[in-house]
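Coordinates from target_38.txt are shown below (compact mmCIF, C-alpha atoms).
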```
# COMPACT_ATOMS: atom_id res chain seq x y z
CA MET A 1 -14.98 -51.03 78.05
CA GLU A 2 -12.74 -53.00 80.41
CA LEU A 3 -11.66 -56.42 79.18
CA THR A 4 -12.65 -59.46 81.23
CA LEU A 5 -10.99 -62.83 80.84
CA ASN A 6 -11.48 -66.03 82.82
CA ILE A 7 -11.54 -69.82 82.57
CA ASN A 8 -14.55 -72.08 83.12
CA GLU A 9 -12.81 -74.58 85.38
CA VAL A 10 -15.68 -77.06 85.15
CA SER A 11 -15.38 -77.58 81.37
CA CYS A 12 -11.64 -76.86 81.07
CA THR A 13 -9.65 -80.01 80.20
CA ARG A 14 -6.34 -78.32 81.07
CA CYS A 15 -4.97 -79.15 77.63
CA GLY A 16 -2.74 -76.06 77.71
CA HIS A 17 -3.59 -74.92 74.19
CA CYS A 18 -4.36 -71.39 75.39
CA VAL A 19 -1.00 -71.26 77.14
CA ALA A 20 0.81 -72.36 73.99
CA VAL A 21 -0.78 -69.88 71.59
CA CYS A 22 -1.09 -66.66 73.62
CA PRO A 23 1.46 -64.15 72.25
CA SER A 24 1.24 -62.07 75.43
CA HIS A 25 1.86 -65.01 77.81
CA ILE A 26 -1.28 -64.26 79.78
CA PHE A 27 -2.11 -67.89 80.53
CA THR A 28 -0.01 -69.95 82.93
CA GLN A 29 0.25 -73.67 83.65
CA ASN A 30 2.92 -74.91 86.06
CA GLU A 31 2.72 -78.56 85.04
CA ALA A 32 1.12 -80.73 82.37
CA ARG A 33 -2.63 -80.92 82.93
CA GLY A 34 -2.23 -78.43 85.75
CA THR A 35 -4.68 -75.65 86.48
CA ILE A 36 -4.72 -72.79 83.96
CA GLY A 37 -3.97 -69.43 85.52
CA ILE A 38 -4.27 -65.86 84.19
CA GLN A 39 -1.69 -63.10 84.67
CA ASN A 40 -1.51 -59.52 83.41
CA PRO A 41 -4.74 -59.62 81.37
CA GLN A 42 -4.24 -55.92 80.61
CA SER A 43 -1.51 -56.94 78.17
CA CYS A 44 -4.02 -58.81 75.97
CA ILE A 45 -3.90 -57.71 72.32
CA VAL A 46 -7.38 -59.18 71.67
CA CYS A 47 -6.15 -61.56 68.98
CA GLY A 48 -8.61 -64.28 69.99
CA HIS A 49 -6.06 -67.10 69.72
CA CYS A 50 -7.04 -68.42 73.14
CA VAL A 51 -10.74 -68.60 72.30
CA ALA A 52 -10.09 -70.09 68.87
CA ALA A 53 -7.72 -72.75 70.28
CA CYS A 54 -9.90 -73.90 73.18
CA PRO A 55 -11.61 -77.22 72.28
CA THR A 56 -14.30 -76.92 74.96
CA GLY A 57 -15.17 -73.21 74.88
CA SER A 58 -13.79 -72.77 78.38
CA VAL A 59 -11.90 -69.54 77.71
CA ARG A 60 -14.35 -66.72 78.34
CA HIS A 61 -13.22 -63.44 76.79
CA SER A 62 -15.42 -60.36 76.84
CA SER A 63 -14.36 -59.39 73.32
CA PHE A 64 -15.45 -62.75 71.90
CA PRO A 65 -18.94 -63.72 73.09
CA ALA A 66 -20.31 -67.08 71.94
CA GLU A 67 -21.94 -65.69 68.79
CA THR A 68 -18.54 -64.57 67.47
CA VAL A 69 -16.93 -68.01 67.76
CA HIS A 70 -17.43 -70.43 64.87
CA PRO A 71 -16.29 -74.04 64.44
CA ILE A 72 -14.02 -74.87 61.49
CA ASP A 73 -14.95 -77.78 59.24
CA ARG A 74 -11.44 -78.66 58.09
CA THR A 75 -12.78 -81.21 55.62
CA ALA A 76 -14.17 -78.25 53.66
CA LEU A 77 -10.79 -76.53 53.32
CA PRO A 78 -9.01 -76.64 49.94
CA THR A 79 -6.25 -79.18 49.56
CA PRO A 80 -2.60 -78.04 49.40
CA GLU A 81 -2.70 -78.83 45.69
CA GLN A 82 -5.74 -76.61 45.20
CA VAL A 83 -4.13 -73.75 47.12
CA MET A 84 -0.96 -74.08 45.04
CA LEU A 85 -2.99 -74.08 41.82
CA LEU A 86 -4.76 -70.90 42.94
CA CYS A 87 -1.37 -69.27 43.61
CA ARG A 88 -0.11 -70.38 40.21
CA ALA A 89 -3.28 -69.22 38.42
CA ARG A 90 -3.37 -65.77 40.04
CA ARG A 91 -2.20 -63.15 37.56
CA SER A 92 -2.36 -59.38 37.15
CA ASN A 93 -4.98 -59.43 34.41
CA ARG A 94 -5.50 -55.96 32.91
CA ALA A 95 -7.86 -57.14 30.16
CA PHE A 96 -11.18 -56.01 31.60
CA SER A 97 -14.65 -56.17 30.12
CA LYS A 98 -17.04 -53.26 30.60
CA THR A 99 -19.22 -55.32 32.97
CA PRO A 100 -19.10 -53.89 36.51
CA VAL A 101 -17.89 -56.16 39.30
CA PRO A 102 -20.98 -57.18 41.33
CA ARG A 103 -21.03 -55.63 44.78
CA GLU A 104 -21.32 -59.01 46.50
CA LEU A 105 -18.02 -60.08 44.93
CA LEU A 106 -16.32 -56.86 46.03
CA GLU A 107 -17.61 -57.47 49.54
CA GLN A 108 -16.11 -60.97 49.58
CA ILE A 109 -12.77 -59.61 48.38
CA VAL A 110 -12.77 -56.96 51.12
CA GLU A 111 -13.73 -59.55 53.73
CA ALA A 112 -10.82 -61.78 52.68
CA ALA A 113 -8.46 -58.80 52.80
CA HIS A 114 -9.79 -57.85 56.23
CA ARG A 115 -8.93 -61.34 57.49
CA ALA A 116 -5.20 -60.80 56.94
CA PRO A 117 -2.97 -60.55 60.04
CA THR A 118 -1.86 -57.18 61.37
CA ALA A 119 1.10 -56.22 63.56
CA SER A 120 0.21 -56.54 67.26
CA ASN A 121 -3.33 -57.37 66.08
CA MET A 122 -4.02 -53.63 65.81
CA GLN A 123 -6.63 -54.24 63.07
CA GLN A 124 -6.51 -50.64 61.88
CA VAL A 125 -6.51 -51.46 58.18
CA ALA A 126 -9.57 -50.07 56.39
CA PHE A 127 -10.81 -50.11 52.81
CA THR A 128 -12.29 -47.59 50.42
CA VAL A 129 -14.09 -49.11 47.43
CA VAL A 130 -14.39 -46.74 44.48
CA THR A 131 -16.87 -47.65 41.73
CA ASP A 132 -18.03 -44.18 40.68
CA PRO A 133 -16.69 -43.70 37.12
CA GLU A 134 -16.02 -40.00 37.71
CA LYS A 135 -13.94 -40.69 40.83
CA LEU A 136 -12.04 -43.42 38.99
CA ARG A 137 -11.29 -40.91 36.22
CA ARG A 138 -10.10 -38.37 38.77
CA ILE A 139 -7.79 -40.95 40.39
CA THR A 140 -6.14 -41.52 37.01
CA ASN A 141 -5.91 -37.79 36.25
CA LEU A 142 -4.45 -36.99 39.65
CA THR A 143 -1.88 -39.78 39.26
CA LEU A 144 -0.77 -38.38 35.91
CA ASP A 145 -0.75 -34.81 37.22
CA ILE A 146 1.70 -35.84 39.95
CA PHE A 147 3.83 -37.71 37.41
CA GLY A 148 3.85 -34.56 35.27
CA GLY A 149 5.26 -32.65 38.23
CA LEU A 150 7.93 -35.30 38.69
CA ILE A 151 8.87 -35.01 35.01
CA ARG A 152 9.34 -31.26 35.35
CA LEU A 153 11.45 -31.75 38.47
CA LEU A 154 13.65 -34.51 37.05
CA GLU A 155 14.17 -32.72 33.75
CA ASN A 156 15.00 -29.37 35.32
CA PRO A 157 18.42 -28.56 33.77
CA ILE A 158 19.68 -26.97 36.96
CA LEU A 159 18.62 -29.78 39.29
CA ARG A 160 19.18 -32.72 36.96
CA PRO A 161 22.90 -33.32 37.66
CA ALA A 162 22.34 -33.48 41.42
CA LEU A 163 19.11 -35.49 41.19
CA LYS A 164 20.74 -38.07 38.93
CA CYS A 165 23.20 -38.77 41.72
CA LEU A 166 20.60 -38.71 44.49
CA LEU A 167 17.73 -40.44 42.69
CA PRO A 168 19.18 -42.60 39.93
CA GLN A 169 16.24 -45.01 39.98
CA ALA A 170 13.76 -42.20 39.38
CA TYR A 171 15.21 -41.54 35.95
CA ARG A 172 14.53 -45.13 34.96
CA TYR A 173 10.81 -44.34 35.05
CA LEU A 174 10.93 -41.09 33.09
CA PRO A 175 10.07 -42.78 29.76
CA THR A 176 7.17 -44.57 31.47
CA PHE A 177 5.80 -41.29 32.88
CA HIS A 178 5.97 -39.72 29.43
CA ARG A 179 4.24 -42.72 27.85
CA LEU A 180 1.41 -42.74 30.39
CA ILE A 181 0.69 -39.06 29.81
CA ALA A 182 0.94 -39.38 26.02
CA GLU A 183 -1.46 -42.34 25.95
CA GLN A 184 -3.91 -40.53 28.22
CA ALA A 185 -4.00 -37.68 25.68
CA LYS A 186 -5.06 -40.27 23.09
CA GLY A 187 -7.84 -41.52 25.34
CA ASN A 188 -5.98 -44.59 26.64
CA ASP A 189 -5.90 -44.97 30.41
CA LEU A 190 -2.80 -47.03 31.24
CA VAL A 191 -3.13 -46.31 34.95
CA LEU A 192 -6.40 -48.10 35.78
CA ARG A 193 -6.80 -49.82 32.40
CA GLY A 194 -10.57 -49.51 32.36
CA ALA A 195 -11.08 -51.01 35.82
CA THR A 196 -14.66 -50.64 37.04
CA ALA A 197 -13.63 -50.69 40.71
CA VAL A 198 -10.64 -49.78 42.84
CA ILE A 199 -10.07 -50.91 46.41
CA LEU A 200 -7.69 -48.63 48.30
CA ILE A 201 -6.20 -50.00 51.52
CA HIS A 202 -5.25 -47.53 54.25
CA THR A 203 -4.50 -47.02 57.93
CA PRO A 204 -4.20 -44.07 60.28
CA ALA A 205 -1.16 -42.09 59.11
CA GLU A 206 0.79 -42.62 62.34
CA ILE A 207 0.63 -46.44 62.35
CA ARG A 208 4.18 -47.80 62.15
CA PHE A 209 3.41 -51.03 60.29
CA GLY A 210 0.59 -49.69 58.14
CA LYS A 211 2.29 -50.46 54.83
CA VAL A 212 3.09 -54.05 55.78
CA ASP A 213 -0.41 -54.64 57.16
CA SER A 214 -2.03 -53.17 54.05
CA ASN A 215 0.02 -55.24 51.65
CA LEU A 216 -0.76 -58.41 53.60
CA ALA A 217 -4.42 -57.48 53.18
CA TYR A 218 -3.90 -56.98 49.45
CA GLU A 219 -2.51 -60.50 49.05
CA ASN A 220 -5.56 -62.06 50.73
CA GLY A 221 -7.89 -59.98 48.56
CA SER A 222 -5.94 -60.77 45.42
CA LEU A 223 -6.29 -64.53 45.90
CA MET A 224 -9.99 -64.20 46.72
CA ALA A 225 -10.50 -62.16 43.53
CA GLU A 226 -8.83 -64.92 41.51
CA SER A 227 -11.04 -67.57 43.10
CA LEU A 228 -14.15 -65.50 42.28
CA GLY A 229 -13.17 -64.99 38.65
CA VAL A 230 -12.55 -61.26 39.12
CA SER A 231 -9.51 -59.82 37.37
CA GLN A 232 -7.27 -57.43 39.30
CA PHE A 233 -3.86 -55.85 39.47
CA TYR A 234 -1.89 -53.91 42.05
CA THR A 235 -2.27 -50.15 41.56
CA GLY A 236 1.46 -49.48 41.55
CA PHE A 237 1.24 -46.23 39.56
CA VAL A 238 -1.44 -44.84 41.89
CA CYS A 239 0.49 -45.85 45.01
CA SER A 240 3.66 -44.28 43.61
CA ALA A 241 1.79 -41.05 42.95
CA ILE A 242 0.33 -41.11 46.45
CA ASP A 243 3.83 -41.47 47.91
CA ASN A 244 4.85 -38.34 45.98
CA ASP A 245 1.68 -36.38 46.78
CA ARG A 246 2.91 -33.80 49.27
CA LYS A 247 -0.44 -31.98 49.35
CA GLY A 248 -2.62 -34.96 50.30
CA ARG A 249 -4.78 -34.54 47.21
CA PHE A 250 -5.78 -38.20 47.09
CA GLN A 251 -6.92 -38.09 50.70
CA LYS A 252 -8.98 -34.96 49.99
CA LEU A 253 -10.54 -36.53 46.90
CA LEU A 254 -11.57 -39.65 48.79
CA GLY A 255 -12.36 -38.17 52.21
CA LEU A 256 -9.38 -39.89 53.84
CA GLU A 257 -7.74 -36.99 55.65
CA GLY A 258 -5.51 -38.26 58.47
CA ARG A 259 -5.07 -41.64 56.80
CA LYS A 260 -2.28 -43.09 54.70
CA ILE A 261 -3.09 -45.08 51.58
CA HIS A 262 -0.56 -47.91 51.36
CA ALA A 263 -1.90 -50.30 48.73
CA GLY A 264 -4.59 -50.61 46.10
CA MET A 265 -6.27 -53.04 43.77
CA ALA A 266 -7.86 -52.24 40.41
CA LEU A 267 -10.61 -54.70 39.52
CA GLY A 268 -12.88 -55.63 36.67
CA MET A 269 -14.66 -58.60 35.19
CA PRO A 270 -12.26 -60.28 32.77
CA ALA A 271 -12.52 -59.93 29.03
CA PHE A 272 -11.10 -63.47 29.09
CA ARG A 273 -9.42 -65.79 31.58
CA PHE A 274 -5.93 -67.23 31.26
CA PRO A 275 -6.06 -70.91 30.23
CA ASN A 276 -2.47 -71.56 31.33
CA TYR A 277 -0.01 -70.76 34.07
CA ILE A 278 3.69 -70.46 33.40
CA ASP A 279 6.75 -71.26 35.45
CA LYS A 280 8.55 -68.46 37.23
CA LYS A 281 12.29 -68.14 37.55
CA PRO A 282 13.76 -70.87 39.75
CA VAL A 283 13.10 -70.10 43.40
CA GLU A 284 16.07 -68.77 45.35
CA THR A 285 16.09 -70.47 48.73
CA THR A 286 18.80 -70.63 51.38
CA TRP A 287 18.53 -73.44 53.91
CA LEU A 288 20.45 -72.87 57.13
```

Entire entry expressed as structure tokens:
Amino acid sequence: MELTLNINEVSCTRCGHCVAVCPSHIFTQNEARGTIGIQNPQSCIVCGHCVAACPTGSVRHSSFPAETVHPIDRTALPTPEQVMLLCRARRSNRAFSKTPVPRELLEQIVEAAHRAPTASNMQQVAFTVVTDPEKLRRITNLTLDIFGGLIRLLENPILRPALKCLLPQAYRYLPTFHRLIAEQAKGNDLVLRGATAVILIHTPAEIRFGKVDSNLAYENGSLMAESLGVSQFYTGFVCSAIDNDRKGRFQKLLGLEGRKIHAGMALGMPAFRFPNYIDKKPVETTWL
């Protein structure tokens, strides 16, 4: 469908907000309070900045009909102090209860993640929510199977001298891989930690900024989970296994062929909530 974009000159106040915010420089204004012009509309990335910034609804964009535009009540937004407290309170809480996360809470977390910015406003980040206990078990088992293969590779007596030079950081994790597998044999899942849901964040495999976009989405979802009282942590072990999965077994398991999984979140209702936050190391900031 061809994009259409125009200005309602009757209601336009010529404030120039659309000119100021458009990343593609589609809107023109030769002088203050001058007429708003449009150039090269085919370069529009459909970010919606122009529609969102217009105080009179004068920017008419075919991708954003009236029912998709909503006013913001800024008096309802959290204060800076409340946002900072949320950031301080957010932790990777792996102490889950056996109570499943209600679907409506998972939907809110996904919606918050979906609201994160994406490079060039491509909006090609998608989400797979796994709550089936058997699929969760298979995610853990597949992660450990891949780690087992890495152990065999790294401990190969013929390859080890060369790999230690090429991949010194990999050997740092060897004890961790062994511990994960040993604990799994005892019935202790240290990969998902008893999570009742996993949200995997992915894009088409060829997208250049897929990893960045997906991790931005994770951060939004993580803060929403904290605000909802849902415990979560980043699925670092799973993502590491996916990066080393040359056969695409995770994609086959989850029906995600042709897509790249970049980030993930393990979730559960908390066995308890942290009553305190603690200070981090002093922030390292350079002012230039």

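If you measure from each of A:Thr235, A:Arg138, A:Ser240, A:Cys47 to Ala170 (chain A) using all atoms listed in the file, the closest one turns out to be A:Ser240.
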
### Task
Tell me, as JSON, numbers by chain, which residues lie within 12 Å of Ala53 (chain A), counting only C-alpha atoms; anything in the same chain fewer than 2 positions away does not count.
{"A": [15, 16, 17, 18, 19, 20, 21, 22, 47, 48, 49, 50, 51, 55, 56, 57, 58, 59, 69, 70, 71, 72]}

Residue neighbourhood Phe177 (chain A), 8 Å, all atoms listed in the file, exclusion window fewer than 5 positions, as a VMD selection string:
chain A and resid 144 147 to 148 151

message: Report as a PyMOL selection string all protein, DNA and RNA residues lying within 9 Å of Leu142 (chain A), evaluated on only C-alpha atoms, omitting residues in the same chain fewer than 2 positions from it.
response: chain A and resi 137-140+144-147+238+241+249-250

**Request:** Skip region 108-123 of chain A itself and residues of its chain fewer than 4 positions away, then list as a PyMOL selection string all residues within 9 Å of it, counting only C-alpha atoms.
**Result:** chain A and resi 45-47+103-104+127+129+199+209-210+212-214+216-225+228

Can you build me a table of region 183-282 of chain A residues sitting at most 12 Å from region 81-96 of chain A, with the closest atom pair per residue and its distance in Å to one decimal, using all atoms listed in the file, sorted by chain and residue number, as CSV?
```
residue,atom,partner,partner_atom,distance
A:Asp189,CA,A:Arg94,CA,11.3
A:Leu190,CA,A:Arg94,CA,9.5
A:Val191,CA,A:Arg94,CA,10.1
A:Leu192,CA,A:Arg94,CA,8.4
A:Arg193,CA,A:Arg94,CA,6.3
A:Gly194,CA,A:Phe96,CA,6.6
A:Ala195,CA,A:Phe96,CA,6.5
A:Thr196,CA,A:Phe96,CA,8.4
A:Ala197,CA,A:Phe96,CA,10.8
A:Glu219,CA,A:Cys87,CA,10.4
A:Asn220,CA,A:Cys87,CA,11.0
A:Gly221,CA,A:Arg90,CA,11.2
A:Ser222,CA,A:Arg90,CA,7.8
A:Leu223,CA,A:Arg90,CA,6.7
A:Met224,CA,A:Leu86,CA,9.3
A:Ala225,CA,A:Arg90,CA,8.7
A:Glu226,CA,A:Arg90,CA,5.7
A:Ser227,CA,A:Leu86,CA,7.1
A:Leu228,CA,A:Leu86,CA,10.9
A:Gly229,CA,A:Arg90,CA,9.9
A:Val230,CA,A:Asn93,CA,9.1
A:Ser231,CA,A:Asn93,CA,5.4
A:Gln232,CA,A:Ser92,CA,5.7
A:Phe233,CA,A:Ser92,CA,4.5
A:Tyr234,CA,A:Ser92,CA,7.4
A:Thr235,CA,A:Ser92,CA,10.2
A:Gly236,CA,A:Ser92,CA,11.5
A:Met265,CA,A:Ser92,CA,10.0
A:Ala266,CA,A:Arg94,CA,8.7
A:Leu267,CA,A:Phe96,CA,8.0
A:Gly268,CA,A:Phe96,CA,5.4
A:Met269,CA,A:Phe96,CA,5.6
A:Pro270,CA,A:Phe96,CA,4.6
A:Ala271,CA,A:Phe96,CA,4.9
A:Phe272,CA,A:Ala95,CA,7.2
A:Arg273,CA,A:Asn93,CA,8.3
A:Phe274,CA,A:Ala89,CA,7.9
A:Pro275,CA,A:Ala89,CA,8.8
A:Asn276,CA,A:Ala89,CA,7.5
A:Tyr277,CA,A:Ala89,CA,5.7
A:Ile278,CA,A:Arg88,CA,7.8
A:Asp279,CA,A:Arg88,CA,8.4
A:Lys280,CA,A:Arg88,CA,9.4
```

Considering all atoms listed in the file, return as a PDB file with C-alpha atoms, keeping the file's coordinate frame whatever protein or nucleic-acid residues lie within 10 Å of Thr35 (chain A), sequence-local ones (same chain, fewer than 2 positions apart) excluded.
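Once written, result-v6.pdb looks like this:
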```
ATOM      1  CA  ILE A   7     -11.540 -69.820  82.570  1.00  0.00           C
ATOM      2  CA  GLU A   9     -12.810 -74.580  85.380  1.00  0.00           C
ATOM      3  CA  CYS A  12     -11.640 -76.860  81.070  1.00  0.00           C
ATOM      4  CA  THR A  13      -9.650 -80.010  80.200  1.00  0.00           C
ATOM      5  CA  ARG A  14      -6.340 -78.320  81.070  1.00  0.00           C
ATOM      6  CA  CYS A  15      -4.970 -79.150  77.630  1.00  0.00           C
ATOM      7  CA  GLY A  16      -2.740 -76.060  77.710  1.00  0.00           C
ATOM      8  CA  THR A  28      -0.010 -69.950  82.930  1.00  0.00           C
ATOM      9  CA  GLN A  29       0.250 -73.670  83.650  1.00  0.00           C
ATOM     10  CA  ASN A  30       2.920 -74.910  86.060  1.00  0.00           C
ATOM     11  CA  GLU A  31       2.720 -78.560  85.040  1.00  0.00           C
ATOM     12  CA  ALA A  32       1.120 -80.730  82.370  1.00  0.00           C
ATOM     13  CA  ARG A  33      -2.630 -80.920  82.930  1.00  0.00           C
ATOM     14  CA  GLY A  37      -3.970 -69.430  85.520  1.00  0.00           C
TER      15      GLY A  37
END
```

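Minimum distance to Asn6 (chain A) across A:Ala66, A:Ile26, A:Leu154, A:Ile181 (counting all atoms listed in the file) occurs at A:Ile26.
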
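If you look at CA of Val10 (chain A) and CA of Cys54 (chain A), they are 13.7 Å away from each other.
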